[in-house]
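Chemist: Starting off with a structure, shown below.
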Amino acid sequence: DVLLTVINPNTTESMTATIGKAAAAVASPGTTVRAVTPAMGPASIESHYDEALSVPGMLAEIAAGERAGSDGYVIACFGDPGLDAARELARGPVVGIAEAAMRTASYLGRGFSVVTTLGRTIGRAQDLAEHYGAARACRGIRACEIPVLELETDPAARDRITEECRRAVAEDGSDAVVLGCAGMADLCAHISAAVGVPVVDGVAAAVRTVESLVALGLRTGDRGEFATPPAKAYTGMLSEFQIR
Ligand SMILES: O=C(O)C[C@H]1NC(=O)NC1=O
């Protein structure tokens with residue numbers, strides 16, 4: 001049996017439930033999905049500040065996952081917060097939903113577009129596309145200007161996201177669309193049917209990517225850059241992060 005820990009790095013439980021449901025829907029029969037919410041952090045992540053403050057709580061969930069014997073991890077936030085730090089702590093593979101979605105979309109044609117929440121997060125998505133070598137395939141990154149937590153409360157959210165995906169296909173000439181927020185995971189099937197090109201949800205893509213890596217017996221490198229961090233003092237609120 002594979003134990004897959006899916007971390008929502010923000011602290012909104014209802015979003016963790018949406019993410020956990022999407023993960024369980026695509027997980028293989030032999031996989032147990034454990035969707036978790038950090039004990040501390042921002043209610044949603046839609047700025048560099050939010051992203052920075054989400055990392056300690058997310059890393060605490062990696063440490064808890066290691067104690068629970070987790071075989072792999074998904075970081076279910078489109079900024080892939082703390083991904084490299086998580087890889088230093090985890091024995092098994094750690095995959096962020098942006099990396100998983102971008103790499104998956106690049107198998108589907110010449111180019112993809114990303115549709116995300118607030119325009120201020122577009123730069124981060126551009127940086128990630130470059131970091132993952134997907135900048136050439138990324139034909140456009142668009143925002144529907146819906147704050148992350150309003151994805152659950154705004155009745156017009158689904159239609160506005162769908163419309164932006166339609167524009168992406170028409171104007172960017174993209175062969176696929178990537179949903180730029182873990183909170184959009186439950187909209188993927190509807191939008192796929194509406195826009196007529198493959199729509200990639202990063203939560204689903206990351207779950208299957210981690211499962212594949214585990215099935216191939218592949219784990220995070222544990223030498224050099226991704227070896228366990230050197231022991232040292234972490235003071236104040238971070239004292240729990242002492243590497244034992
Ligand atoms: O970057 C974004 O706008 C989406 C990102 N924020 C969040 O709280 N979960 C996410 O997937």
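As shown in the structure tokens, the chain order sets the letters A, B, ...; within each chain, residues go from 1, and ligands are also counted from 1 in the order they appear.
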Go through chain A and flag each residue having an atom no more than 7 Å from ligand 1; for those, report the closest pair of atoms plus their distance in Å to one decimal, using only C-alpha atoms and all ligand atoms, ordered by chain and rising number, as JSON lines.

Modeler:
{"residue": "A:Asn10", "atom": "CA", "partner": "ligand 1", "partner_atom_place_in_ligand_line": "8 (O)", "distance": 5.3}
{"residue": "A:Ser44", "atom": "CA", "partner": "ligand 1", "partner_atom_place_in_ligand_line": "8 (O)", "distance": 3.8}
{"residue": "A:Ile45", "atom": "CA", "partner": "ligand 1", "partner_atom_place_in_ligand_line": "8 (O)", "distance": 3.7}
{"residue": "A:Glu46", "atom": "CA", "partner": "ligand 1", "partner_atom_place_in_ligand_line": "3 (O)", "distance": 4.7}
{"residue": "A:Ala76", "atom": "CA", "partner": "ligand 1", "partner_atom_place_in_ligand_line": "11 (O)", "distance": 6.1}
{"residue": "A:Cys77", "atom": "CA", "partner": "ligand 1", "partner_atom_place_in_ligand_line": "11 (O)", "distance": 3.4}
{"residue": "A:Phe78", "atom": "CA", "partner": "ligand 1", "partner_atom_place_in_ligand_line": "11 (O)", "distance": 4.1}
{"residue": "A:Gly79", "atom": "CA", "partner": "ligand 1", "partner_atom_place_in_ligand_line": "1 (O)", "distance": 5.2}
{"residue": "A:Thr116", "atom": "CA", "partner": "ligand 1", "partner_atom_place_in_ligand_line": "3 (O)", "distance": 6.0}
{"residue": "A:Thr117", "atom": "CA", "partner": "ligand 1", "partner_atom_place_in_ligand_line": "3 (O)", "distance": 4.8}
{"residue": "A:Leu118", "atom": "CA", "partner": "ligand 1", "partner_atom_place_in_ligand_line": "3 (O)", "distance": 6.0}
{"residue": "A:Thr121", "atom": "CA", "partner": "ligand 1", "partner_atom_place_in_ligand_line": "1 (O)", "distance": 5.8}
{"residue": "A:Val148", "atom": "CA", "partner": "ligand 1", "partner_atom_place_in_ligand_line": "8 (O)", "distance": 5.9}
{"residue": "A:Gly180", "atom": "CA", "partner": "ligand 1", "partner_atom_place_in_ligand_line": "4 (C)", "distance": 6.1}
{"residue": "A:Cys181", "atom": "CA", "partner": "ligand 1", "partner_atom_place_in_ligand_line": "11 (O)", "distance": 3.5}
{"residue": "A:Ala182", "atom": "CA", "partner": "ligand 1", "partner_atom_place_in_ligand_line": "11 (O)", "distance": 3.9}
{"residue": "A:Gly183", "atom": "CA", "partner": "ligand 1", "partner_atom_place_in_ligand_line": "11 (O)", "distance": 6.0}

Chemist: Tell me, as a list in words, which residues lie within 9 Å of Val33 of chain A, counting only C-alpha atoms; anything in the same chain fewer than 6 positions away does not count.

Modeler: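 Residues near the query, excluding close chain neighbours: Val2, Leu3, Leu4, Thr5, Val6, Gly20, Ala23, Ala24, Ala27 and Val207 of chain A.
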
Chemist: Between A:Ala90, A:Lys21, A:Ala52, A:Ala194, which is the closest to Arg67 of chain A once you count only C-alpha atoms?

Modeler: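 Among A:Ala90, A:Lys21, A:Ala52, A:Ala194, it is A:Ala90 that comes nearest to Arg67 of chain A.
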
Chemist: Between A:Ala215, A:Ala231, A:Val197, A:Leu128, which has the minimum distance to Ala105 of chain A (counting only C-alpha atoms)?

Modeler: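 Looking only at the distances to Ala105 of chain A, the closest residue turns out to be A:Val197.
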
Chemist: Interatomic distance between atom CA of Pro42 of chain A and atom CA of Met237 of chain A?

Modeler: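 Between atom CA of Pro42 of chain A and atom CA of Met237 of chain A the gap works out to 15.8 Å.
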
Chemist: Give the helix (DSSP H, G or I) residues of segment 60-164 of chain A, as assigned by DSSP on the backbone, as an NGL selection string.

Modeler: :A and (60-68 or 83-89 or 97-105 or 119-131 or 148-151 or 157-164)

Chemist: Keeping N, CA and C atoms for every residue in the selection just given, could you write it to a file as a compact mmCIF listing (two decimals), in the first residue's frame?

Modeler:
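Saved file result.txt follows:
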# COMPACT_ATOMS: atom_id res chain seq x y z
N ALA A 60 6.33 21.44 8.56
CA ALA A 60 5.96 20.65 9.75
C ALA A 60 5.12 19.44 9.33
N GLU A 61 4.32 19.61 8.26
CA GLU A 61 3.51 18.48 7.77
C GLU A 61 4.37 17.45 7.05
N ILE A 62 5.47 17.91 6.44
CA ILE A 62 6.41 16.95 5.83
C ILE A 62 7.04 16.13 6.95
N ALA A 63 7.48 16.81 8.02
CA ALA A 63 8.11 16.11 9.15
C ALA A 63 7.13 15.11 9.78
N ALA A 64 5.87 15.51 9.91
CA ALA A 64 4.85 14.61 10.46
C ALA A 64 4.62 13.43 9.52
N GLY A 65 4.64 13.72 8.22
CA GLY A 65 4.47 12.65 7.23
C GLY A 65 5.59 11.64 7.30
N GLU A 66 6.81 12.14 7.53
CA GLU A 66 7.96 11.22 7.65
C GLU A 66 7.76 10.32 8.86
N ARG A 67 7.26 10.90 9.94
CA ARG A 67 7.03 10.08 11.15
C ARG A 67 5.91 9.07 10.91
N ALA A 68 4.98 9.43 10.01
CA ALA A 68 3.84 8.53 9.74
C ALA A 68 4.18 7.51 8.66
N LEU A 83 9.08 23.85 -1.90
CA LEU A 83 9.27 22.54 -2.55
C LEU A 83 10.68 21.99 -2.32
N ASP A 84 11.70 22.78 -2.54
CA ASP A 84 13.07 22.26 -2.39
C ASP A 84 13.39 21.95 -0.92
N ALA A 85 12.89 22.78 0.00
CA ALA A 85 13.11 22.49 1.43
C ALA A 85 12.43 21.18 1.80
N ALA A 86 11.23 20.97 1.27
CA ALA A 86 10.50 19.71 1.54
C ALA A 86 11.29 18.52 1.01
N ARG A 87 11.94 18.68 -0.12
CA ARG A 87 12.71 17.58 -0.70
C ARG A 87 13.94 17.26 0.15
N GLU A 88 14.42 18.22 0.90
CA GLU A 88 15.56 17.94 1.80
C GLU A 88 15.09 17.08 2.99
N LEU A 89 13.81 17.25 3.38
CA LEU A 89 13.32 16.53 4.56
C LEU A 89 12.76 15.15 4.21
N ILE A 97 2.05 21.10 -7.31
CA ILE A 97 1.01 20.99 -8.34
C ILE A 97 1.32 21.83 -9.57
N ALA A 98 2.09 22.91 -9.41
CA ALA A 98 2.43 23.70 -10.61
C ALA A 98 3.40 22.91 -11.49
N GLU A 99 4.43 22.34 -10.87
CA GLU A 99 5.40 21.56 -11.67
C GLU A 99 4.68 20.38 -12.34
N ALA A 100 3.87 19.66 -11.58
CA ALA A 100 3.16 18.50 -12.14
C ALA A 100 2.26 18.92 -13.29
N ALA A 101 1.51 20.00 -13.10
CA ALA A 101 0.55 20.43 -14.14
C ALA A 101 1.27 20.90 -15.40
N MET A 102 2.35 21.67 -15.23
CA MET A 102 3.06 22.20 -16.39
C MET A 102 3.73 21.09 -17.18
N ARG A 103 4.35 20.15 -16.46
CA ARG A 103 5.01 19.05 -17.17
C ARG A 103 3.97 18.16 -17.85
N THR A 104 2.86 17.91 -17.18
CA THR A 104 1.80 17.07 -17.76
C THR A 104 1.22 17.74 -19.01
N ALA A 105 0.96 19.05 -18.91
CA ALA A 105 0.36 19.78 -20.06
C ALA A 105 1.31 19.77 -21.26
N GLY A 119 -4.17 38.43 -10.53
CA GLY A 119 -3.13 38.84 -11.47
C GLY A 119 -1.77 38.97 -10.81
N ARG A 120 -1.75 39.29 -9.51
CA ARG A 120 -0.46 39.49 -8.84
C ARG A 120 0.34 38.19 -8.69
N THR A 121 -0.31 37.04 -8.95
CA THR A 121 0.43 35.77 -8.84
C THR A 121 0.96 35.30 -10.20
N ILE A 122 0.69 36.08 -11.26
CA ILE A 122 1.12 35.67 -12.60
C ILE A 122 2.65 35.59 -12.68
N GLY A 123 3.32 36.57 -12.06
CA GLY A 123 4.79 36.58 -12.12
C GLY A 123 5.38 35.32 -11.51
N ARG A 124 4.81 34.88 -10.41
CA ARG A 124 5.31 33.67 -9.75
C ARG A 124 5.14 32.47 -10.68
N ALA A 125 4.00 32.40 -11.37
CA ALA A 125 3.77 31.28 -12.30
C ALA A 125 4.77 31.34 -13.46
N GLN A 126 5.07 32.56 -13.92
CA GLN A 126 6.08 32.71 -14.99
C GLN A 126 7.44 32.22 -14.49
N ASP A 127 7.80 32.61 -13.29
CA ASP A 127 9.10 32.17 -12.72
C ASP A 127 9.14 30.65 -12.62
N LEU A 128 8.04 30.04 -12.20
CA LEU A 128 8.02 28.58 -12.07
C LEU A 128 8.12 27.92 -13.45
N ALA A 129 7.43 28.47 -14.44
CA ALA A 129 7.51 27.90 -15.80
C ALA A 129 8.96 27.91 -16.28
N GLU A 130 9.64 29.03 -16.03
CA GLU A 130 11.06 29.11 -16.43
C GLU A 130 11.90 28.11 -15.63
N HIS A 131 11.64 28.07 -14.32
CA HIS A 131 12.41 27.18 -13.44
C HIS A 131 12.27 25.72 -13.89
N VAL A 148 -8.59 33.65 -3.85
CA VAL A 148 -8.60 32.20 -3.65
C VAL A 148 -9.81 31.74 -2.84
N LEU A 149 -10.09 32.40 -1.73
CA LEU A 149 -11.18 31.90 -0.87
C LEU A 149 -12.56 32.17 -1.45
N GLU A 150 -12.63 33.06 -2.47
CA GLU A 150 -13.94 33.31 -3.09
C GLU A 150 -14.26 32.27 -4.16
N LEU A 151 -13.29 31.38 -4.43
CA LEU A 151 -13.57 30.29 -5.37
C LEU A 151 -14.71 29.44 -4.82
N ALA A 157 -17.90 32.18 -9.95
CA ALA A 157 -16.48 31.80 -10.11
C ALA A 157 -16.30 30.80 -11.25
N ARG A 158 -17.09 29.75 -11.26
CA ARG A 158 -16.88 28.69 -12.25
C ARG A 158 -17.05 29.24 -13.66
N ASP A 159 -18.06 30.04 -13.86
CA ASP A 159 -18.27 30.58 -15.23
C ASP A 159 -17.16 31.55 -15.62
N ARG A 160 -16.68 32.33 -14.66
CA ARG A 160 -15.61 33.30 -15.00
C ARG A 160 -14.32 32.57 -15.34
N ILE A 161 -14.04 31.50 -14.62
CA ILE A 161 -12.83 30.72 -14.90
C ILE A 161 -12.97 30.03 -16.25
N THR A 162 -14.16 29.49 -16.49
CA THR A 162 -14.41 28.81 -17.77
C THR A 162 -14.24 29.78 -18.93
N GLU A 163 -14.75 31.00 -18.77
CA GLU A 163 -14.65 32.01 -19.83
C GLU A 163 -13.18 32.35 -20.09
N GLU A 164 -12.40 32.48 -19.03
CA GLU A 164 -10.97 32.80 -19.19
C GLU A 164 -10.24 31.65 -19.88
